[in-house]
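Q: Got a structure for you, questions after.
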Amino acid sequence: MKRVLTVQDISCLGKCSLTIALPVISALGVETVILPTAVLSTHTMFKNFTCKDLSDQIEPITAHWKSEHVTFDAIYTGYLGTIEQIAQIRGLFRTFRDENTCIIVDPVMADNGKLYPAFDMDYVKENAKLCGDADIIVPNITEAAFMTGMEYRESYDEGYVKEMLSALNDLGAGISVLTGVSLSEGKTGVMGYDRKTGEYYVYQNDRVNASYHGTGDLFSSTCVGEMMRGLSWKDAMRIAADYTAHTIRVTLDNPRKPWYGVDFEKTIPDLLAMK
Ligand code: PXL
């Protein structure tokens with residue numbers, strides 16, 4: 001069985017980060033080791049959330065794993081807390097990376113043209129360095145705009161997306177994938193660029209007119225799980241895009257849906273059947 005380490009916060013209530021990554025990657029048949037970077041009462045879209053930083057646990061936990069000779073087939077990072085913590089995670093990459101480890105970085109920090117409440121431009125710069133260490137990065141357009149210095153646009157054409165992918169590629173990752181890319185009316189999906197082959201990959205599905213918290217984490221976790229199941233990055237992105245859109249549709253149909261996340265618990269069986 002493949003073993004993935006995922007590094008992100010625990011938002012106790014909120015259906016995001018580890019409370020999505022752990023069930024989704026495990027359901028795909030992959031051992032999922034977690035490194036919680038902080039414990040929050042809820043995600044940061046709630047008011048008055050509490051947050052306990054766990055940076056001081058990273059070194060002892062990883063030192064213990066090292067003494068047990070633990071190895072990982074993939075390391076997947078999502079929402080992290082501070083600049084110092086990103087530096088610690090870059091150290092963790094150096095400690096655990098070998099020629100077979102795939103490092104996937106989702107530089108979670110912004111959406112809809114804006115940074116999340118906890119972050120500033122110094123954090124953006126450090127996240128750009130973390131992306132440079134990765135084999136695969138999956139920023140949304142807002143995060144990519146912040147990291148590359150390009151203008152954030154709500155409407156754009158394929159030329160803009162290609163320019164952004166080229167600027168992302170300059171950060172240093174092997175494969176750069178932009179999420180939330182809409183190349184025509186009513187469509188949305190991903191566009192990626194593979195540094196090694198020079199190939200682009202575009203996948204578009206029908207846009208669902210709703211935006212929910214945690215869907216970026218659902219997309220990335222699905223990609224990681226599917227790649228560990230042996231799929232190519234392109235097939236993994238396609239399934240993750242379809243699964244995320246499907247889950248948003250199912251959530252919309254639930255009259256008692258919570259405002260803060262999607263009903264992925266209901267759709268995991270559908271994910272397992274997707275090809
Ligand atoms: O879904 C991304 C995410 C993860 N973790 C925390 C968040 C967010 C987005 O706001 O606040 C704590």
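Labels used: A, B, ... for chains in the order of the structure tokens, numbers from 1 for residues in each chain, and numbers from 1 for ligands as shown.
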Counting only C-alpha atoms and all ligand atoms, what residues are within 6 Å of ligand 1, given as a list of chain:residue names?
A: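 If we count only C-alpha atoms and all ligand atoms, the neighbours of ligand 1 turn out to be A:Asp9, A:Ser11, A:Cys16, A:Ser17, A:His43, A:Thr44, A:Met45, A:Tyr79, A:His213, A:Gly214, A:Asp217.
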Q: Would you tabulate, counting only C-alpha atoms, all residues of range 148-255 of chain A that have an atom at most 12 Å from an atom of range 106-122 of chain A, showing the closest pair of atoms and their distance in Å to one decimal, sorted by chain then ascending number, as CSV?
A:
```
residue,atom,partner,partner_atom,distance
A:Thr148,CA,A:Met121,CA,11.6
A:Gly149,CA,A:Met121,CA,10.5
A:Met150,CA,A:Gly113,CA,11.6
A:Glu151,CA,A:Gly113,CA,9.6
A:Tyr152,CA,A:Gly113,CA,6.3
A:Arg153,CA,A:Gly113,CA,8.0
A:Glu154,CA,A:Gly113,CA,8.3
A:Ser155,CA,A:Gly113,CA,12.0
A:Leu168,CA,A:Pro107,CA,11.9
A:Ala173,CA,A:Asp106,CA,11.7
A:Ser176,CA,A:Asp106,CA,10.5
A:Val177,CA,A:Asp106,CA,9.8
A:Leu178,CA,A:Asp106,CA,10.3
A:Thr179,CA,A:Asp106,CA,10.3
A:Gly180,CA,A:Asp111,CA,9.9
A:Ser211,CA,A:Asn112,CA,10.1
A:Tyr212,CA,A:Asp111,CA,11.2
A:His213,CA,A:Asp111,CA,10.1
A:Gly214,CA,A:Val108,CA,10.4
A:Thr215,CA,A:Asp111,CA,11.4
A:Gly216,CA,A:Val108,CA,8.3
A:Asp217,CA,A:Asp106,CA,8.3
A:Leu218,CA,A:Asp106,CA,11.2
A:Phe219,CA,A:Asp106,CA,10.0
A:Ser220,CA,A:Asp106,CA,7.0
A:Ser221,CA,A:Asp106,CA,9.6
A:Cys223,CA,A:Asp106,CA,10.9
A:Val224,CA,A:Asp106,CA,10.6
```
Q: Within 9 Å of Met1 in chain A, counting only C-alpha atoms, which residues qualify if same-chain residues fewer than 6 places away don't, as a short mmCIF file (atom, residue, chain, number, x, y, z; two decimals) with N, CA, C and O atoms, in the first residue's frame?
A:
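Just written: result.cif:
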```cif
data_model
loop_
_atom_site.label_atom_id
_atom_site.label_comp_id
_atom_site.auth_asym_id
_atom_site.auth_seq_id
_atom_site.Cartn_x
_atom_site.Cartn_y
_atom_site.Cartn_z
N GLY A 29 -7.74 4.04 -0.71
CA GLY A 29 -6.90 2.86 -0.49
C GLY A 29 -5.44 3.19 -0.26
O GLY A 29 -4.55 2.37 -0.55
N VAL A 30 -5.18 4.38 0.27
CA VAL A 30 -3.80 4.83 0.47
C VAL A 30 -3.60 5.14 1.96
O VAL A 30 -4.42 5.84 2.55
N GLU A 31 -2.53 4.59 2.55
CA GLU A 31 -2.26 4.90 3.96
C GLU A 31 -1.97 6.40 4.09
O GLU A 31 -1.15 6.95 3.34
#
```
Q: Which residue is closest to Lys129 in chain A? Choose from A:Arg90, A:Thr32, A:Val7, A:Val70 and count only C-alpha atoms.
A: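 Nearest to Lys129 in chain A: A:Arg90.
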Q: Could you find all residues in range 46-235 of chain A that DSSP calls strand (DSSP E) from the backbone, and write them as a PyMOL selection string?
A: chain A and resi 51-53+74-77+102-105+110-111+114-115+136-137+175-181+187-194+199-206
Q: The selected residues should be written to file as a compact mmCIF listing (two decimals), in the first residue's frame (atoms: N, CA, C and O atoms).
A:
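So part23.txt came out as:
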```txt
# COMPACT_ATOMS: atom_id res chain seq x y z
N CYS A 51 -7.08 29.23 17.63
CA CYS A 51 -5.99 28.61 16.87
C CYS A 51 -4.80 28.34 17.79
O CYS A 51 -4.32 29.24 18.47
N LYS A 52 -4.39 27.09 17.83
CA LYS A 52 -3.18 26.73 18.59
C LYS A 52 -2.13 26.25 17.58
O LYS A 52 -2.31 25.22 16.92
N ASP A 53 -1.07 26.99 17.46
CA ASP A 53 0.00 26.63 16.53
C ASP A 53 0.77 25.41 17.06
O ASP A 53 1.05 25.33 18.26
N ALA A 74 4.50 9.88 -1.08
CA ALA A 74 4.16 11.26 -1.44
C ALA A 74 4.07 12.10 -0.17
O ALA A 74 3.78 11.58 0.91
N ILE A 75 4.36 13.37 -0.34
CA ILE A 75 4.14 14.35 0.75
C ILE A 75 3.26 15.43 0.14
O ILE A 75 3.59 15.99 -0.92
N TYR A 76 2.14 15.68 0.79
CA TYR A 76 1.15 16.63 0.26
C TYR A 76 0.90 17.71 1.31
O TYR A 76 0.49 17.40 2.42
N THR A 77 1.19 18.95 0.96
CA THR A 77 0.96 20.04 1.90
C THR A 77 -0.21 20.92 1.44
O THR A 77 -0.42 21.12 0.25
N CYS A 102 6.91 11.76 -4.31
CA CYS A 102 6.27 12.82 -5.09
C CYS A 102 5.80 13.90 -4.12
O CYS A 102 5.05 13.61 -3.18
N ILE A 103 6.26 15.12 -4.33
CA ILE A 103 5.85 16.21 -3.44
C ILE A 103 4.79 17.08 -4.12
O ILE A 103 5.03 17.60 -5.21
N ILE A 104 3.63 17.15 -3.48
CA ILE A 104 2.52 17.93 -4.04
C ILE A 104 2.23 19.09 -3.09
O ILE A 104 1.96 18.88 -1.91
N VAL A 105 2.31 20.29 -3.61
CA VAL A 105 2.06 21.48 -2.79
C VAL A 105 0.81 22.19 -3.30
O VAL A 105 0.74 22.58 -4.47
N ALA A 110 -5.38 31.91 -0.55
CA ALA A 110 -6.18 32.99 -1.14
C ALA A 110 -7.24 32.41 -2.07
O ALA A 110 -7.14 31.27 -2.54
N ASP A 111 -8.26 33.23 -2.35
CA ASP A 111 -9.28 32.87 -3.34
C ASP A 111 -10.04 34.13 -3.73
O ASP A 111 -10.02 35.12 -3.00
N LYS A 114 -8.44 37.55 -3.29
CA LYS A 114 -8.03 38.05 -1.96
C LYS A 114 -7.28 37.00 -1.13
O LYS A 114 -7.59 35.81 -1.20
N LEU A 115 -6.33 37.47 -0.33
CA LEU A 115 -5.65 36.58 0.62
C LEU A 115 -6.60 36.22 1.76
O LEU A 115 -7.45 37.04 2.14
N ILE A 136 4.70 18.72 -8.04
CA ILE A 136 3.42 19.18 -8.61
C ILE A 136 2.84 20.27 -7.70
O ILE A 136 2.80 20.11 -6.48
N ILE A 137 2.40 21.37 -8.33
CA ILE A 137 1.71 22.41 -7.55
C ILE A 137 0.31 22.62 -8.13
O ILE A 137 0.11 22.46 -9.34
N ILE A 175 5.56 20.07 -12.34
CA ILE A 175 4.28 20.23 -13.05
C ILE A 175 3.48 21.32 -12.34
O ILE A 175 3.33 21.28 -11.12
N SER A 176 3.02 22.29 -13.10
CA SER A 176 2.21 23.38 -12.53
C SER A 176 0.79 23.23 -13.04
O SER A 176 0.58 23.19 -14.26
N VAL A 177 -0.16 23.17 -12.11
CA VAL A 177 -1.56 23.03 -12.51
C VAL A 177 -2.35 24.18 -11.90
O VAL A 177 -2.30 24.40 -10.69
N LEU A 178 -3.05 24.91 -12.76
CA LEU A 178 -3.92 25.98 -12.27
C LEU A 178 -5.34 25.43 -12.13
O LEU A 178 -5.84 24.78 -13.05
N THR A 179 -5.97 25.72 -10.99
CA THR A 179 -7.34 25.24 -10.79
C THR A 179 -8.31 26.42 -10.93
O THR A 179 -7.91 27.58 -10.86
N GLY A 180 -9.56 26.08 -11.14
CA GLY A 180 -10.58 27.12 -11.29
C GLY A 180 -10.41 27.91 -12.58
O GLY A 180 -10.69 29.10 -12.65
N VAL A 181 -9.94 27.21 -13.63
CA VAL A 181 -9.70 27.87 -14.92
C VAL A 181 -10.94 27.71 -15.80
O VAL A 181 -11.35 26.60 -16.12
N LYS A 187 -18.19 26.89 -18.37
CA LYS A 187 -17.24 25.79 -18.15
C LYS A 187 -16.21 26.19 -17.10
O LYS A 187 -15.91 27.37 -16.93
N THR A 188 -15.66 25.20 -16.44
CA THR A 188 -14.54 25.45 -15.53
C THR A 188 -13.72 24.18 -15.39
O THR A 188 -14.17 23.11 -15.75
N GLY A 189 -12.50 24.32 -14.89
CA GLY A 189 -11.65 23.13 -14.76
C GLY A 189 -10.22 23.49 -14.47
O GLY A 189 -9.96 24.42 -13.70
N VAL A 190 -9.30 22.76 -15.08
CA VAL A 190 -7.88 22.96 -14.79
C VAL A 190 -7.08 23.10 -16.07
O VAL A 190 -7.51 22.67 -17.14
N MET A 191 -5.92 23.72 -15.95
CA MET A 191 -4.95 23.70 -17.06
C MET A 191 -3.57 23.54 -16.44
O MET A 191 -3.23 24.23 -15.48
N GLY A 192 -2.81 22.59 -16.96
CA GLY A 192 -1.49 22.29 -16.39
C GLY A 192 -0.39 22.32 -17.42
O GLY A 192 -0.64 22.26 -18.64
N TYR A 193 0.83 22.43 -16.92
CA TYR A 193 2.01 22.45 -17.79
C TYR A 193 3.09 21.57 -17.17
O TYR A 193 3.38 21.68 -15.98
N ASP A 194 3.65 20.68 -17.99
CA ASP A 194 4.68 19.76 -17.52
C ASP A 194 6.04 20.24 -18.03
O ASP A 194 6.28 20.24 -19.25
N GLU A 199 4.48 19.83 -22.32
CA GLU A 199 3.08 19.61 -22.69
C GLU A 199 2.11 20.40 -21.80
O GLU A 199 2.33 20.49 -20.59
N TYR A 200 1.03 20.87 -22.44
CA TYR A 200 -0.08 21.45 -21.67
C TYR A 200 -1.18 20.40 -21.55
O TYR A 200 -1.31 19.53 -22.41
N TYR A 201 -1.98 20.53 -20.51
CA TYR A 201 -3.16 19.68 -20.38
C TYR A 201 -4.32 20.56 -19.95
O TYR A 201 -4.20 21.33 -19.00
N VAL A 202 -5.42 20.47 -20.67
CA VAL A 202 -6.62 21.24 -20.32
C VAL A 202 -7.77 20.29 -20.05
O VAL A 202 -7.98 19.35 -20.83
N TYR A 203 -8.48 20.52 -18.98
CA TYR A 203 -9.72 19.77 -18.77
C TYR A 203 -10.80 20.73 -18.29
O TYR A 203 -10.60 21.47 -17.33
N GLN A 204 -11.90 20.73 -18.98
CA GLN A 204 -13.01 21.62 -18.63
C GLN A 204 -14.28 20.79 -18.43
O GLN A 204 -14.56 19.89 -19.24
N ASN A 205 -15.01 21.06 -17.37
CA ASN A 205 -16.33 20.44 -17.21
C ASN A 205 -17.36 21.55 -16.99
O ASN A 205 -17.01 22.73 -17.01
N ASP A 206 -18.63 21.17 -16.81
CA ASP A 206 -19.67 22.19 -16.65
C ASP A 206 -19.50 22.91 -15.32
O ASP A 206 -19.32 22.28 -14.29
```
Q: One decimal, Å: what's the distance from CA of Arg97 in chain A over to CA of Phe72 in chain A, could you say?
A: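 CA of Arg97 in chain A sits 7.9 Å away from CA of Phe72 in chain A.
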Q: Report the distance between CA of Val124 in chain A and CA of Phe146 in chain A in Å, rounded to one decimal place.
A: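 According to the coordinates, CA of Val124 in chain A and CA of Phe146 in chain A are separated by 6.7 Å.
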Q: From the list A:Gly225, A:Pro255, A:Pro139, A:Gly230, which residue is nearest Leu22 in chain A when using only C-alpha atoms?
A: A:Gly225
Q: Closest to Leu54 in chain A among A:Met237, A:Ile10, A:Ala87, A:Leu130, using only C-alpha atoms?
A: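 Under the stated criterion, the closest residue is A:Ile10.
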Q: Which one of A:Trp233, A:Val208, A:Ile239, A:Leu272 sits closest to Asp253 in chain A if you count only C-alpha atoms?
A: A:Val208
Q: Do you know which residues are at most 12 Å from Thr267 in chain A counting only C-alpha atoms, after dropping those on the same chain fewer than 5 positions away, and could you put them as number ranges by chain?
A: A: 23-24, 27, 218, 242-251, 262, 272-274
Q: Output N, CA and C atoms for every residue in the selection just made, as a PDB file, in the first residue's frame.
A:
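Output file selection_17.pdb follows:
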```pdb
ATOM      1  N   PRO A  23      -9.983  11.392   5.288  1.00  0.00           N
ATOM      2  CA  PRO A  23     -10.986  10.436   4.796  1.00  0.00           C
ATOM      3  C   PRO A  23     -10.891  10.164   3.297  1.00  0.00           C
ATOM      4  N   VAL A  24     -10.619  11.193   2.502  1.00  0.00           N
ATOM      5  CA  VAL A  24     -10.651  10.999   1.041  1.00  0.00           C
ATOM      6  C   VAL A  24      -9.472  10.136   0.578  1.00  0.00           C
ATOM      7  N   ALA A  27      -9.919   6.587   1.801  1.00  0.00           N
ATOM      8  CA  ALA A  27     -10.972   5.868   1.058  1.00  0.00           C
ATOM      9  C   ALA A  27     -10.444   5.367  -0.284  1.00  0.00           C
ATOM     10  N   LEU A 218     -10.677  19.364  -1.355  1.00  0.00           N
ATOM     11  CA  LEU A 218     -11.275  18.139  -1.895  1.00  0.00           C
ATOM     12  C   LEU A 218     -10.608  17.790  -3.227  1.00  0.00           C
ATOM     13  N   ASP A 242     -13.997  16.408 -11.885  1.00  0.00           N
ATOM     14  CA  ASP A 242     -15.361  15.857 -12.005  1.00  0.00           C
ATOM     15  C   ASP A 242     -15.958  15.561 -10.630  1.00  0.00           C
ATOM     16  N   TYR A 243     -15.142  14.989  -9.757  1.00  0.00           N
ATOM     17  CA  TYR A 243     -15.636  14.618  -8.427  1.00  0.00           C
ATOM     18  C   TYR A 243     -16.009  15.864  -7.606  1.00  0.00           C
ATOM     19  N   THR A 244     -15.180  16.896  -7.700  1.00  0.00           N
ATOM     20  CA  THR A 244     -15.457  18.123  -6.953  1.00  0.00           C
ATOM     21  C   THR A 244     -16.759  18.763  -7.450  1.00  0.00           C
ATOM     22  N   ALA A 245     -16.918  18.831  -8.772  1.00  0.00           N
ATOM     23  CA  ALA A 245     -18.140  19.424  -9.340  1.00  0.00           C
ATOM     24  C   ALA A 245     -19.358  18.595  -8.937  1.00  0.00           C
ATOM     25  N   HIS A 246     -19.232  17.275  -8.996  1.00  0.00           N
ATOM     26  CA  HIS A 246     -20.332  16.382  -8.614  1.00  0.00           C
ATOM     27  C   HIS A 246     -20.720  16.625  -7.146  1.00  0.00           C
ATOM     28  N   THR A 247     -19.712  16.762  -6.286  1.00  0.00           N
ATOM     29  CA  THR A 247     -19.981  16.948  -4.853  1.00  0.00           C
ATOM     30  C   THR A 247     -20.674  18.294  -4.606  1.00  0.00           C
ATOM     31  N   ILE A 248     -20.280  19.315  -5.340  1.00  0.00           N
ATOM     32  CA  ILE A 248     -20.952  20.623  -5.183  1.00  0.00           C
ATOM     33  C   ILE A 248     -22.428  20.486  -5.606  1.00  0.00           C
ATOM     34  N   ARG A 249     -22.671  19.769  -6.710  1.00  0.00           N
ATOM     35  CA  ARG A 249     -24.062  19.587  -7.163  1.00  0.00           C
ATOM     36  C   ARG A 249     -24.889  18.848  -6.118  1.00  0.00           C
ATOM     37  N   VAL A 250     -24.332  17.784  -5.559  1.00  0.00           N
ATOM     38  CA  VAL A 250     -25.057  17.007  -4.545  1.00  0.00           C
ATOM     39  C   VAL A 250     -25.314  17.874  -3.316  1.00  0.00           C
ATOM     40  N   THR A 251     -24.346  18.690  -2.949  1.00  0.00           N
ATOM     41  CA  THR A 251     -24.501  19.573  -1.784  1.00  0.00           C
ATOM     42  C   THR A 251     -25.633  20.578  -2.031  1.00  0.00           C
ATOM     43  N   VAL A 262     -18.823  21.209   1.970  1.00  0.00           N
ATOM     44  CA  VAL A 262     -19.601  20.361   1.056  1.00  0.00           C
ATOM     45  C   VAL A 262     -19.845  18.967   1.640  1.00  0.00           C
ATOM     46  N   LEU A 272     -15.171   6.438  -5.689  1.00  0.00           N
ATOM     47  CA  LEU A 272     -14.511   5.143  -5.825  1.00  0.00           C
ATOM     48  C   LEU A 272     -14.888   4.464  -7.146  1.00  0.00           C
ATOM     49  N   ALA A 273     -16.043   4.854  -7.714  1.00  0.00           N
ATOM     50  CA  ALA A 273     -16.485   4.241  -8.965  1.00  0.00           C
ATOM     51  C   ALA A 273     -16.026   5.027 -10.189  1.00  0.00           C
ATOM     52  N   MET A 274     -15.404   6.181  -9.989  1.00  0.00           N
ATOM     53  CA  MET A 274     -15.046   7.038 -11.147  1.00  0.00           C
ATOM     54  C   MET A 274     -13.818   6.519 -11.872  1.00  0.00           C
TER      55      MET A 274
END
```
Q: So, counting only C-alpha atoms, which residue among A:Val138, A:Gln8, A:Ile20, A:Gly261 is closest to Thr82 in chain A?
A: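 Smallest separation from Thr82 in chain A among the options: A:Gln8.
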Q: When distances are computed from only C-alpha atoms, which of A:Ala210, A:Met147, A:Val39, A:Ala134 shows the smallest separation from Ala167 in chain A?
A: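 Closest residue, counting only C-alpha atoms: A:Met147.
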Q: DSSP on the backbone: what in range 9-235 of chain A comes out alpha helix (DSSP H), as a count of residues only?
A: 86
Q: Please, what distance in Å, to one decimal, runs between CA of Arg3 in chain A and CA of Ile25 in chain A?
A: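 Straight-line distance from CA of Arg3 in chain A to CA of Ile25 in chain A works out to 9.9 Å.
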